[in-house]
Each structure stands twice: as C-alpha cells, then as structure tokens.
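Source file: entry09.txt. Holds: compact mmCIF, C-alpha atoms.
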# COMPACT_ATOMS: atom_id res chain seq x y z
CA MET A 1 -49.56 -33.74 -6.00
CA ARG A 2 -49.78 -37.03 -4.17
CA LYS A 3 -51.84 -38.81 -6.82
CA ALA A 4 -53.38 -37.74 -10.09
CA PRO A 5 -57.18 -37.77 -10.31
CA ARG A 6 -58.53 -40.08 -12.99
CA GLN A 7 -62.32 -40.00 -12.77
CA ALA A 8 -64.47 -36.95 -13.51
CA ARG A 9 -65.53 -36.71 -9.87
CA SER A 10 -61.92 -36.81 -8.65
CA ILE A 11 -60.87 -34.21 -11.21
CA ALA A 12 -63.72 -31.95 -10.05
CA THR A 13 -62.66 -32.43 -6.42
CA VAL A 14 -59.05 -31.48 -7.18
CA GLU A 15 -60.19 -28.41 -9.15
CA ALA A 16 -62.44 -27.37 -6.26
CA ILE A 17 -59.53 -27.73 -3.82
CA ILE A 18 -57.15 -25.73 -6.03
CA GLU A 19 -59.73 -23.00 -6.59
CA ALA A 20 -60.55 -22.82 -2.88
CA GLY A 21 -56.82 -22.77 -2.12
CA ALA A 22 -56.28 -19.84 -4.48
CA ARG A 23 -59.18 -17.96 -2.90
CA VAL A 24 -57.99 -18.60 0.68
CA LEU A 25 -54.38 -17.75 -0.17
CA SER A 26 -55.47 -14.56 -1.92
CA GLU A 27 -57.77 -13.45 0.90
CA LEU A 28 -55.74 -14.51 3.95
CA GLY A 29 -52.15 -14.53 2.69
CA TRP A 30 -49.58 -17.16 3.57
CA ALA A 31 -49.92 -16.54 7.32
CA GLY A 32 -53.65 -17.37 7.24
CA PHE A 33 -53.42 -20.21 4.75
CA SER A 34 -54.09 -23.72 6.08
CA THR A 35 -55.26 -27.01 4.64
CA ASN A 36 -58.21 -27.02 7.07
CA LYS A 37 -59.41 -23.63 5.77
CA VAL A 38 -58.99 -24.78 2.18
CA ALA A 39 -60.88 -28.04 2.78
CA GLU A 40 -63.71 -26.11 4.43
CA ALA A 41 -63.83 -23.54 1.59
CA ALA A 42 -63.81 -26.35 -1.00
CA GLY A 43 -66.54 -28.27 0.80
CA VAL A 44 -64.44 -31.41 1.13
CA SER A 45 -63.07 -33.35 4.07
CA ILE A 46 -59.48 -32.79 5.14
CA GLY A 47 -58.88 -36.45 4.25
CA SER A 48 -59.99 -35.79 0.66
CA LEU A 49 -57.59 -32.86 0.44
CA TYR A 50 -54.70 -34.97 1.80
CA GLN A 51 -55.55 -37.71 -0.66
CA TYR A 52 -54.23 -35.41 -3.41
CA PHE A 53 -52.00 -32.90 -1.60
CA PRO A 54 -49.65 -34.11 1.16
CA ASP A 55 -49.26 -30.62 2.64
CA LYS A 56 -49.98 -26.97 2.01
CA LEU A 57 -46.76 -26.46 0.04
CA ALA A 58 -47.90 -29.07 -2.50
CA LEU A 59 -51.21 -27.25 -2.77
CA VAL A 60 -49.46 -23.91 -3.31
CA GLU A 61 -47.43 -25.51 -6.10
CA ALA A 62 -50.65 -26.67 -7.78
CA ILE A 63 -52.03 -23.13 -7.48
CA ARG A 64 -48.82 -21.70 -9.02
CA ARG A 65 -48.90 -24.19 -11.88
CA ARG A 66 -52.53 -23.41 -12.63
CA HIS A 67 -51.74 -19.69 -12.79
CA PHE A 68 -48.76 -20.42 -15.08
CA ASP A 69 -51.03 -22.49 -17.35
CA GLN A 70 -53.61 -19.69 -17.50
CA VAL A 71 -50.99 -17.10 -18.45
CA LEU A 72 -49.45 -19.37 -21.11
CA SER A 73 -52.90 -20.02 -22.54
CA VAL A 74 -53.52 -16.26 -22.85
CA ILE A 75 -50.33 -15.56 -24.80
CA ARG A 76 -50.77 -18.68 -26.96
CA GLU A 77 -54.36 -17.79 -27.88
CA ALA A 78 -53.61 -14.11 -28.48
CA ALA A 79 -50.76 -14.97 -30.86
CA ALA A 80 -52.72 -17.61 -32.80
CA ASP A 81 -54.07 -17.12 -36.32
CA ARG A 82 -51.79 -14.28 -37.50
CA LYS A 83 -54.26 -11.57 -36.55
CA PRO A 84 -53.62 -7.84 -37.02
CA LEU A 85 -51.23 -6.31 -34.48
CA ARG A 86 -53.80 -4.19 -32.62
CA GLN A 87 -56.15 -7.15 -32.31
CA PHE A 88 -53.29 -9.25 -30.92
CA ALA A 89 -52.45 -6.47 -28.44
CA ARG A 90 -56.09 -6.09 -27.32
CA GLU A 91 -56.58 -9.84 -26.85
CA LEU A 92 -53.28 -10.19 -24.99
CA VAL A 93 -54.04 -7.31 -22.63
CA ARG A 94 -57.63 -8.42 -21.99
CA GLY A 95 -56.49 -11.97 -21.33
CA MET A 96 -53.67 -10.97 -18.99
CA ILE A 97 -55.95 -8.65 -17.04
CA ALA A 98 -58.59 -11.39 -16.81
CA ALA A 99 -56.03 -13.99 -15.64
CA HIS A 100 -54.82 -11.65 -12.90
CA SER A 101 -58.30 -10.40 -11.92
CA ILE A 102 -59.58 -13.78 -10.72
CA HIS A 103 -57.78 -13.41 -7.39
CA PRO A 104 -55.91 -10.09 -7.73
CA THR A 105 -53.77 -10.41 -4.62
CA LEU A 106 -52.87 -14.05 -5.26
CA HIS A 107 -49.87 -13.25 -7.41
CA GLN A 108 -48.43 -10.95 -4.77
CA VAL A 109 -48.81 -13.66 -2.12
CA LEU A 110 -47.22 -16.25 -4.40
CA LEU A 111 -44.29 -13.94 -5.16
CA ASP A 112 -43.76 -12.26 -1.80
CA GLU A 113 -45.02 -14.59 0.92
CA ALA A 114 -45.47 -18.24 -0.01
CA PRO A 115 -42.29 -20.29 0.24
CA GLY A 116 -41.07 -22.35 -2.66
CA ASP A 117 -38.86 -25.37 -3.01
CA ARG A 118 -36.64 -26.83 -5.69
CA GLY A 119 -39.75 -28.09 -7.48
CA SER A 120 -41.31 -24.64 -7.57
CA ARG A 121 -38.08 -23.13 -8.90
CA ALA A 122 -37.97 -25.78 -11.63
CA ALA A 123 -41.65 -25.20 -12.49
CA HIS A 124 -41.05 -21.44 -12.64
CA ALA A 125 -37.98 -21.90 -14.86
CA SER A 126 -40.01 -24.14 -17.20
CA PHE A 127 -42.83 -21.60 -17.25
CA GLN A 128 -40.41 -18.73 -17.98
CA ALA A 129 -38.87 -20.65 -20.90
CA ARG A 130 -42.27 -21.41 -22.47
CA TYR A 131 -43.50 -17.87 -21.74
CA LEU A 132 -40.50 -16.39 -23.54
CA GLU A 133 -40.94 -18.81 -26.45
CA HIS A 134 -44.52 -17.58 -26.96
CA TYR A 135 -43.49 -13.94 -26.79
CA THR A 136 -40.55 -14.56 -29.14
CA ALA A 137 -42.91 -16.18 -31.65
CA ALA A 138 -45.28 -13.21 -31.38
CA VAL A 139 -42.45 -10.71 -31.88
CA ALA A 140 -41.20 -12.68 -34.89
CA GLN A 141 -44.71 -12.67 -36.34
CA TYR A 142 -45.01 -8.88 -36.21
CA ARG A 143 -41.36 -7.90 -36.62
CA ARG A 144 -40.11 -10.10 -39.44
CA ARG A 145 -36.47 -9.86 -40.45
CA LEU A 146 -35.48 -8.68 -37.01
CA LYS A 147 -32.30 -10.29 -35.74
CA ASP A 148 -32.83 -10.18 -31.99
CA THR A 149 -36.46 -11.18 -31.47
CA GLU A 150 -35.61 -12.82 -28.13
CA THR A 151 -34.38 -9.54 -26.62
CA MET A 152 -37.50 -7.75 -27.86
CA ALA A 153 -39.60 -10.58 -26.43
CA ARG A 154 -37.90 -10.19 -23.03
CA VAL A 155 -38.49 -6.44 -23.02
CA LEU A 156 -42.11 -6.77 -24.13
CA SER A 157 -42.98 -9.57 -21.70
CA SER A 158 -41.28 -7.74 -18.83
CA ALA A 159 -43.14 -4.53 -19.62
CA ILE A 160 -46.53 -6.26 -19.76
CA GLU A 161 -45.80 -8.36 -16.69
CA GLY A 162 -44.61 -5.33 -14.72
CA VAL A 163 -47.67 -3.23 -15.56
CA ILE A 164 -50.13 -6.07 -14.86
CA HIS A 165 -48.47 -7.16 -11.61
CA ASN A 166 -48.17 -3.59 -10.29
CA ALA A 167 -51.79 -2.90 -11.20
CA ALA A 168 -52.87 -6.10 -9.41
CA ARG A 169 -50.86 -5.15 -6.31
CA ARG A 170 -52.49 -1.71 -6.28
CA ASP A 171 -56.01 -3.00 -7.08
CA MET A 172 -55.97 -1.06 -10.35
CA LEU A 173 -56.59 -3.81 -12.91
CA GLU A 174 -59.99 -2.29 -13.66
CA ALA A 175 -58.57 1.22 -14.23
CA PRO A 176 -60.18 2.49 -17.46
CA ASP A 177 -56.98 3.67 -19.13
CA LEU A 178 -54.79 0.73 -18.16
CA GLN A 179 -55.97 -1.54 -20.97
CA LYS A 180 -55.85 1.27 -23.53
CA GLN A 181 -52.32 2.34 -22.60
CA LEU A 182 -51.01 -1.21 -22.58
CA VAL A 183 -52.48 -1.84 -26.05
CA GLU A 184 -50.79 1.36 -27.25
CA LEU A 185 -47.47 0.28 -25.73
CA ILE A 186 -47.55 -3.15 -27.39
CA SER A 187 -48.70 -1.77 -30.74
CA ALA A 188 -46.04 0.93 -30.80
CA TYR A 189 -43.28 -1.44 -29.73
CA LEU A 190 -44.11 -4.10 -32.31
CA SER A 191 -45.04 -1.77 -35.16
CA PRO A 192 -42.51 -2.04 -38.01
CA ALA A 193 -42.97 1.70 -38.67
CA THR A 194 -41.28 2.55 -35.36
CA ARG A 195 -37.95 0.98 -36.30
Spit out the file's structure as structure tokens when you get a sec.
Amino acid sequence: MRKAPRQARSIATVEAIIEAGARVLSELGWAGFSTNKVAEAAGVSIGSLYQYFPDKLALVEAIRRRHFDQVLSVIREAAADRKPLRQFARELVRGMIAAHSIHPTLHQVLLDEAPGDRGSRAAHASFQARYLEHYTAAVAQYRRRLKDTETMARVLSSAIEGVIHNAARRDMLEAPDLQKQLVELISAYLSPATR
C-alpha cells in the first residue's frame, strides 16, 4: 500500500477499493483484472485508487492480506472460551465456509493465477505461522497431554483447508452435507476417545 488511510473517509475508500478488487478478481480472474475496472466497481476515480495502491499487484496483496485476516479471525474466535469440542468444530466450519463464500472463486484466482512477489511470499509465510499457532492451540485445548500437537495441527488444518478450498473451486460450499461431514471429521480427530 502506498500510504495508510488515517481518516474515516479514507479508510472507507480503501475498504471499498479492496472489496471491489476482490469482486473483480473473483469474477474476471487475473486476465480480466485491471485498476480501471476496480476503480469503476468501487465508485472512485483511478487517481483515488493510485493514491493508496501504486499498481494492481499492490492491490492483490491487500486482497490476500484481508483474506488471511478473515481466516485467522475465524480460527481465533472458534477456539476462544474453551467451548465444547463439537461447538468449536461447528463454529470453525461455519466460519471457514463463510470466509470462503464471500467470493468463492477468489481463492482459486489468488492461488492459481495472480502473481506474487517476495512481499506476498513473506505475508503468506507469516500467515501460515500464525494459522498453525492457532490450530496448535486448539489441538492442545482438546487433546491435553499429547506430545506432538503441532503435527496434529498441521494435519487438521490441511484437512479443513483442502475440503474448503476444493468445495470453493467446485462451487460446493453450500452442499448440505459438507458442513456436517467436516464437523464430524474435526470432532472425531480431536476426540480423546479416539486415541
């Protein structure tokens, strides 16, 4: 980002640009993505967009970071307050589905089409570290006295991520049994009775 917004109006403008960028990127893919289309979709001038984002790569990075923040918020909130395991699983699944339902094809475009740079790799590495920390804390909460919570966290996060991302790619996030089966998977995996 070229400059950070400070006033409420500027913050709202940046949010509108990022949201419009996510929508355009999701609908048109990388090949159809342009700053002019984003500015038009956001209802701002191209000059306003360039005031905050020097180019479309910087805008894509802001879109990626917002998605990362949404996903981290879901896992953090689901794991808060030492709730029963099934409640944790339901909240986690609902939250992950909701985070990926906003623009279902966006994640595929971000992974498969949009280029990244050293900054995006660093942001992704930071996200992955925090993501794993949250999952490790959740595993430790439900599987006390387990020696290798980090490995379990990697398996669990990969399983959830794989199911959600594949469902998003196939436009199946709203499939009736998806949520139920994912809750069952998490509950069975973290249940102390299964070990």
Test item: which residues lie within 8 Å of (-44.9, -15.2, -26.6) counting all atoms listed in the file, as a PDB file with C-alpha atoms, in the frame of the given file:
ATOM      1  CA  ILE A  75     -50.330 -15.560 -24.800  1.00  0.00           C
ATOM      2  CA  ARG A  76     -50.770 -18.680 -26.960  1.00  0.00           C
ATOM      3  CA  ALA A  79     -50.760 -14.970 -30.860  1.00  0.00           C
ATOM      4  CA  ARG A 130     -42.270 -21.410 -22.470  1.00  0.00           C
ATOM      5  CA  TYR A 131     -43.500 -17.870 -21.740  1.00  0.00           C
ATOM      6  CA  LEU A 132     -40.500 -16.390 -23.540  1.00  0.00           C
ATOM      7  CA  GLU A 133     -40.940 -18.810 -26.450  1.00  0.00           C
ATOM      8  CA  HIS A 134     -44.520 -17.580 -26.960  1.00  0.00           C
ATOM      9  CA  TYR A 135     -43.490 -13.940 -26.790  1.00  0.00           C
ATOM     10  CA  THR A 136     -40.550 -14.560 -29.140  1.00  0.00           C
ATOM     11  CA  ALA A 137     -42.910 -16.180 -31.650  1.00  0.00           C
ATOM     12  CA  ALA A 138     -45.280 -13.210 -31.380  1.00  0.00           C
ATOM     13  CA  VAL A 139     -42.450 -10.710 -31.880  1.00  0.00           C
ATOM     14  CA  ALA A 153     -39.600 -10.580 -26.430  1.00  0.00           C
ATOM     15  CA  SER A 157     -42.980  -9.570 -21.700  1.00  0.00           C
TER      16      SER A 157
END
- How far is it from CA of Ser34 (chain A) to CA of Ala12 (chain A), in Å with one decimal?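 Pair CA of Ser34 (chain A) / CA of Ala12 (chain A) returns 20.5 Å.
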### Task
Please identify all polymer residues within 12 Å of Gly32 (chain A), counting only C-alpha atoms, omitting same-chain residues fewer than 5 positions from it, and present them as a ChimeraX atom specification.
/A:21,23-27,37-38,56,109,113-114
message = For a test of reading the model, state the distance in Å between CA of Ile160 (chain A) and CA of Leu182 (chain A), rounded to one decimal.
response =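 Straight-line distance from CA of Ile160 (chain A) to CA of Leu182 (chain A) works out to 7.3 Å.
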*asked:* If we count all atoms listed in the file and set the cut-off at 7 Å, which residues sit around region 168-171 of chain A, ignoring sequence neighbours fewer than 6 positions away in its own chain? Please answer as a PyMOL selection string.
replied: chain A and resi 100+104-105+108
